[in-house]
Amino acid sequence: MHLHKRAALVAPLLLISMGSPARAQNQVTNNAFNPAISLILDGHYASYSLDPASYRLAGFQLDADAGLPSEGLSLDETELAMSANVDDKFYGFLTAALEQTDGDTSIDLEEAYFETLALPKGLKIKAGQFLSEIGYLNPIHAHAWDFNDAPLAYVAMLNTAYKDPGVQLSWVVPSTLFIQLGGEVLRGDSFPAANGAVSDGTGASTLFVHLGGDVGETSSWRGGVSYLATDASDRTTDFDASSISFTGTSDLTIADFVWKWARGGNARDRYYVIQAEYLHRTENGELTVSAPPANEVGPYAGTQDGFYVQGVYQFRPRWRVGLRYDSLDANNDLGVTAPTPLVAVHRPSRISVMSDFSNSEFSRLRLQINRDDSRPETDDQVVVQYLMSLGAHGAHRF
Amino acid sequence: MKTILIFTTALLATMAAPARAALEVFACEGEWAALAVELGGDLVNAVSATTAQQDPHYIQARPSLIAKVRTADLVVCTGADLEVGWLPLLLRQAGNATVQPGQTGYMNASDYVDLLDKPTSVDRSLGDVHPYGNPHIQADPRNIGKVATALAERLAKLDPPNAATYQGRYANFSARWQAALDRWTAAIAPLQGRQVVTHHKGWVYLESWAGLVEVGNLEPKPGLPASAAHLAELLDQLKTKQVAVIIRSVYEDGKASEWLAGRTSIPYVVLPHTVGSVPGADDLVGMFDVMVKTLLEARQ
């Protein structure tokens, strides 16, 4: 209503100032300022040799929805993104994912943030809900991953990616070597944190440093170290007929490295990418196992490691192949005797191969085969996935 | 919370910006870096985000480029969505307020020329079309002259104490460019009206200047690689045509043009799409010298 009124006032003024009658068809409308909109369609067919309901990573408390993608034909997140400059000082971004589980569609707000464009000296502030800038893969949306699924270390320790409402300050050092330093304070509601309200809504904080550069014209790299400190309060997950709840601190360190090579630096025809991350986590606090009618409470100190190494090779325009190895290791001191998933009875690992075809920059079809030793028995997994990107041109993130 | 505060203080304490003598120019493509050097000489330090071997559509916002944008005084790019996949990301990640769109430190070369091939409708089924028009403006030497005028003004605005030097260098460049343009225009006149096939739709500005007629592309749709089916169809269409030459850029795979040339006995050439892309194209004048000479020698 308010906008209408304003438009009615401004319109005649604009028309007069334009002078030329030929321009009169240029209506005063507001949709010229529509944000860039893009839509990702993502779905798959998955086949597993083991029952996906028994999925578990020994030694780790997984978040409620960490698990395998649905068996059979299924939709992944359908992601709607909008972005635009707010004005000369701010940029705004929103992604919402439509998710379908058991026939019900829900909206998951992935990211909704603004960032500054005009702070002096290379400083930038980002505020809202966003994917934390820790590690290499964490800030990258699922549709831009090189494999259908996240590395086991990300599934186990970050529920595939850590995001929360918060504020981030980052700074790019004015030097020829790329050096980015930053830190975040976040609410601490999302796994591995839980119930940030107990920590006054500042239950998580991060520090990160990313370095990068080129080697000649053909290669470029990025490496970094990140740290995520979280408070978890009553972090609960179900386990068979019981449930476990953890209250304490969870501290994660990530070292990441990516190397990309393309002949002449021209990634259009052929390129190689080698990517590796190492995650190390310590958790300290109290564990409650609720197995009705009795509850058992005891101390829990966990030391957990995980890494993945992957290589992707585009061997001809539009065609890529990839290989990934994943591994997890947990060493937990438990002061409870009841069975919990935190007992590290097995060391999870996985080998994945994938091949994908991108008809254009905007479409991708992928076949992925995993030999998944996450559980003591081997699970042979086959996933066929499609990814379609409509609307505004996606960003070529490094 | 406390760690963050300590960290912030440490950040602010180390933020003394180093003093720089030359104007740092970040060009998205080699031709604009070369033009900045023509107009600024020693007063500018120009780098190009893309080498002559790289397709400017397919650049990633890699760390070294973020670092370069961070310290740039001027970002000069083609615009018209050529760099849509990576430049907006670079600008946001670098956190350099003075080179954001709308600032004096940001310039789109395509704002100063008339764009061709403006689509009446845009749909991705047509390939990677650019809604504002064809962005490969640098292949028409008249466009280089227009962008030079704008760039010289911009350099003078950013570095007022040296404004007179930029104006002087511009006058000198402009005179040399006009003389060269007259020479190229006369030399290429015999090709007026001749038919060409190009790999990508990357030469429409050259065609418009030289009066060439484009009768086909090796890419079935802009941005899609040449397919066997499309090449067979193209071969069939060319039977009734008198094509003078097949044109591609150095960063495009040569197999398709070689195949077509082999089947038709039409000569194929690699034209310099930017400075440094082929031997002899060491500067802007050299780039067009080689372009004109290559076309004249190859025609059949």
# chains A, B, ... in the order shown; residues from 1 in each chain; ligands from 1
>>> closest_atom_pairs(of="chain B", to="chain A", cutoff="6 Å", atoms="only C-alpha atoms", output="Markdown table")
| residue | atom | partner | partner_atom | distance |
| --- | --- | --- | --- | --- |
| B:Gln53 | CA | A:Gly264 | CA | 5.6 |
| B:Gln54 | CA | A:Asn266 | CA | 4.5 |
| B:Gln60 | CA | A:His396 | CA | 4.8 |
| B:Ala61 | CA | A:Phe398 | CA | 5.5 |
| B:Arg62 | CA | A:Phe398 | CA | 5.0 |
| B:Pro63 | CA | A:Gly212 | CA | 5.1 |
| B:Ser64 | CA | A:Gly213 | CA | 4.5 |
| B:Ala67 | CA | A:Phe178 | CA | 4.9 |
| B:Thr71 | CA | A:Pro174 | CA | 5.7 |
| B:Gly85 | CA | A:Ala395 | CA | 4.7 |
| B:Trp86 | CA | A:His396 | CA | 5.3 |
| B:Gly95 | CA | A:Gly122 | CA | 4.5 |
| B:Asn96 | CA | A:Gly122 | CA | 5.2 |
| B:Ala97 | CA | A:Ala118 | CA | 4.3 |
>>> select_by_dssp(residues="segment 54-290 of chain B", states="alpha helix (DSSP H)", output="MDAnalysis selection string")
chainID B and resid 63:70 87:94 141:158 163:188 204:210 228:238 255:264 284:290
>>> closest_residue(among="A:Ala344, A:Val383, A:Ala36, A:Leu323", to="Leu73 of chain A", atoms="only C-alpha atoms")
A:Val383
>>> residues_around(residues="Val47 of chain B", least_positions_apart="3", cutoff="8 Å", atoms="only C-alpha atoms", output="PyMOL selection string")
chain B and resi 25-27+30+33
>>> write_last_selection(atoms="C-alpha atoms", output="PDB file, in the first residue's frame")
ATOM      1  CA  VAL B  25      45.162  -2.005 -11.865  1.00  0.00           C
ATOM      2  CA  PHE B  26      43.376  -5.364 -11.782  1.00  0.00           C
ATOM      3  CA  ALA B  27      42.160  -6.183 -15.293  1.00  0.00           C
ATOM      4  CA  GLY B  30      44.789  -9.112 -20.889  1.00  0.00           C
ATOM      5  CA  ALA B  33      45.804  -4.646 -18.653  1.00  0.00           C
TER       6      ALA B  33
END
>>> atom_distance(atom1="atom CA of Asn159 of chain A", atom2="atom CA of Val225 of chain A")
19.4 Å
>>> closest_residue(among="B:Leu206, B:Val75, B:Val285, B:Val292", to="Val99 of chain B", atoms="only C-alpha atoms")
B:Val75
>>> select_by_dssp(residues="segment 89-250 of chain A", states="strand (DSSP E or B)", output="ChimeraX atom specification")
/A:90-101,104-116,123-131,163-172,178-186,194,204-215,219-239,242-250
>>> write_last_selection(atoms="C-alpha atoms", output="mmCIF file, in the first residue's frame")
data_model
loop_
_atom_site.group_PDB
_atom_site.id
_atom_site.type_symbol
_atom_site.label_atom_id
_atom_site.label_comp_id
_atom_site.auth_asym_id
_atom_site.auth_seq_id
_atom_site.Cartn_x
_atom_site.Cartn_y
_atom_site.Cartn_z
ATOM 1 C CA PHE A 90 25.430 -4.160 2.077
ATOM 2 C CA TYR A 91 24.792 -7.401 0.225
ATOM 3 C CA GLY A 92 22.019 -9.813 1.193
ATOM 4 C CA PHE A 93 21.655 -13.549 0.591
ATOM 5 C CA LEU A 94 19.034 -16.150 1.338
ATOM 6 C CA THR A 95 18.816 -19.873 0.608
ATOM 7 C CA ALA A 96 15.909 -21.978 1.669
ATOM 8 C CA ALA A 97 15.765 -25.693 1.043
ATOM 9 C CA LEU A 98 12.528 -27.531 0.493
ATOM 10 C CA GLU A 99 12.885 -30.995 1.954
ATOM 11 C CA GLN A 100 10.623 -33.960 1.656
ATOM 12 C CA THR A 101 10.564 -36.637 4.324
ATOM 13 C CA ASP A 104 5.785 -34.144 4.276
ATOM 14 C CA THR A 105 7.455 -31.109 2.784
ATOM 15 C CA SER A 106 9.292 -28.770 5.109
ATOM 16 C CA ILE A 107 11.299 -25.615 4.586
ATOM 17 C CA ASP A 108 14.780 -25.504 6.040
ATOM 18 C CA LEU A 109 16.317 -22.065 6.177
ATOM 19 C CA GLU A 110 19.889 -22.749 5.142
ATOM 20 C CA GLU A 111 21.407 -19.322 4.983
ATOM 21 C CA ALA A 112 19.964 -15.858 5.523
ATOM 22 C CA TYR A 113 22.625 -13.225 6.008
ATOM 23 C CA PHE A 114 23.944 -9.866 4.962
ATOM 24 C CA GLU A 115 27.534 -8.853 4.538
ATOM 25 C CA THR A 116 29.289 -5.533 4.278
ATOM 26 C CA LEU A 123 37.497 -5.910 6.648
ATOM 27 C CA LYS A 124 34.168 -7.626 6.213
ATOM 28 C CA ILE A 125 31.331 -8.389 8.574
ATOM 29 C CA LYS A 126 28.716 -11.006 7.874
ATOM 30 C CA ALA A 127 25.702 -11.463 10.104
ATOM 31 C CA GLY A 128 22.656 -13.684 10.060
ATOM 32 C CA GLN A 129 22.500 -17.430 9.632
ATOM 33 C CA PHE A 130 25.314 -18.775 7.519
ATOM 34 C CA LEU A 131 27.517 -21.794 6.916
ATOM 35 C CA LYS A 163 25.648 -23.467 10.344
ATOM 36 C CA ASP A 164 24.026 -21.273 12.956
ATOM 37 C CA PRO A 165 22.896 -17.697 13.424
ATOM 38 C CA GLY A 166 25.884 -15.547 14.225
ATOM 39 C CA VAL A 167 28.280 -12.846 13.219
ATOM 40 C CA GLN A 168 31.559 -13.134 11.374
ATOM 41 C CA LEU A 169 34.470 -10.752 11.058
ATOM 42 C CA SER A 170 37.065 -11.471 8.412
ATOM 43 C CA TRP A 171 40.043 -9.680 7.007
ATOM 44 C CA VAL A 172 42.046 -10.205 3.840
ATOM 45 C CA PHE A 178 46.258 -14.696 -0.119
ATOM 46 C CA ILE A 179 45.836 -14.588 3.660
ATOM 47 C CA GLN A 180 42.383 -14.421 5.160
ATOM 48 C CA LEU A 181 41.906 -14.273 8.915
ATOM 49 C CA GLY A 182 38.560 -14.432 10.566
ATOM 50 C CA GLY A 183 36.453 -15.370 13.495
ATOM 51 C CA GLU A 184 32.813 -15.997 14.241
ATOM 52 C CA VAL A 185 30.545 -16.009 17.251
ATOM 53 C CA LEU A 186 27.459 -18.145 16.745
ATOM 54 C CA ALA A 194 23.147 -27.843 21.152
ATOM 55 C CA ALA A 204 29.938 -21.448 19.555
ATOM 56 C CA SER A 205 32.913 -19.541 18.266
ATOM 57 C CA THR A 206 35.403 -20.092 15.476
ATOM 58 C CA LEU A 207 38.757 -18.856 14.299
ATOM 59 C CA PHE A 208 40.102 -19.530 10.841
ATOM 60 C CA VAL A 209 43.045 -18.701 8.653
ATOM 61 C CA HIS A 210 43.079 -19.474 4.942
ATOM 62 C CA LEU A 211 46.166 -19.092 2.764
ATOM 63 C CA GLY A 212 46.400 -19.487 -0.977
ATOM 64 C CA GLY A 213 48.112 -18.615 -4.203
ATOM 65 C CA ASP A 214 49.209 -19.724 -7.641
ATOM 66 C CA VAL A 215 52.193 -21.796 -8.691
ATOM 67 C CA SER A 219 48.346 -24.558 -10.534
ATOM 68 C CA SER A 220 46.651 -22.876 -7.626
ATOM 69 C CA TRP A 221 46.174 -23.914 -4.040
ATOM 70 C CA ARG A 222 44.484 -23.052 -0.802
ATOM 71 C CA GLY A 223 45.227 -24.349 2.664
ATOM 72 C CA GLY A 224 44.096 -23.446 6.105
ATOM 73 C CA VAL A 225 43.544 -24.196 9.731
ATOM 74 C CA SER A 226 40.238 -23.636 11.519
ATOM 75 C CA TYR A 227 39.032 -24.040 15.042
ATOM 76 C CA LEU A 228 35.457 -24.475 16.266
ATOM 77 C CA ALA A 229 34.697 -24.350 19.982
ATOM 78 C CA THR A 230 31.165 -25.208 21.037
ATOM 79 C CA ASP A 231 29.134 -25.751 24.151
ATOM 80 C CA ALA A 232 26.661 -28.586 23.939
ATOM 81 C CA SER A 233 23.834 -28.654 26.394
ATOM 82 C CA ASP A 234 21.653 -31.737 26.463
ATOM 83 C CA ARG A 235 22.660 -32.846 22.956
ATOM 84 C CA THR A 236 20.307 -35.766 22.579
ATOM 85 C CA THR A 237 20.053 -38.544 20.042
ATOM 86 C CA ASP A 238 18.052 -41.747 20.032
ATOM 87 C CA PHE A 239 19.842 -45.059 20.075
ATOM 88 C CA SER A 242 17.355 -45.691 24.574
ATOM 89 C CA SER A 243 18.666 -42.207 24.055
ATOM 90 C CA ILE A 244 21.905 -40.518 24.946
ATOM 91 C CA SER A 245 22.446 -36.938 25.967
ATOM 92 C CA PHE A 246 25.741 -35.092 26.125
ATOM 93 C CA THR A 247 26.431 -31.881 28.033
ATOM 94 C CA GLY A 248 29.895 -30.402 27.832
ATOM 95 C CA THR A 249 32.352 -28.846 25.407
ATOM 96 C CA SER A 250 33.155 -29.988 21.901
#
>>> residues_around(residues="Met291 of chain B", least_positions_apart="4", cutoff="8 Å", atoms="only C-alpha atoms", output="JSON, numbers by chain")
{"B": [271, 272, 287, 295]}
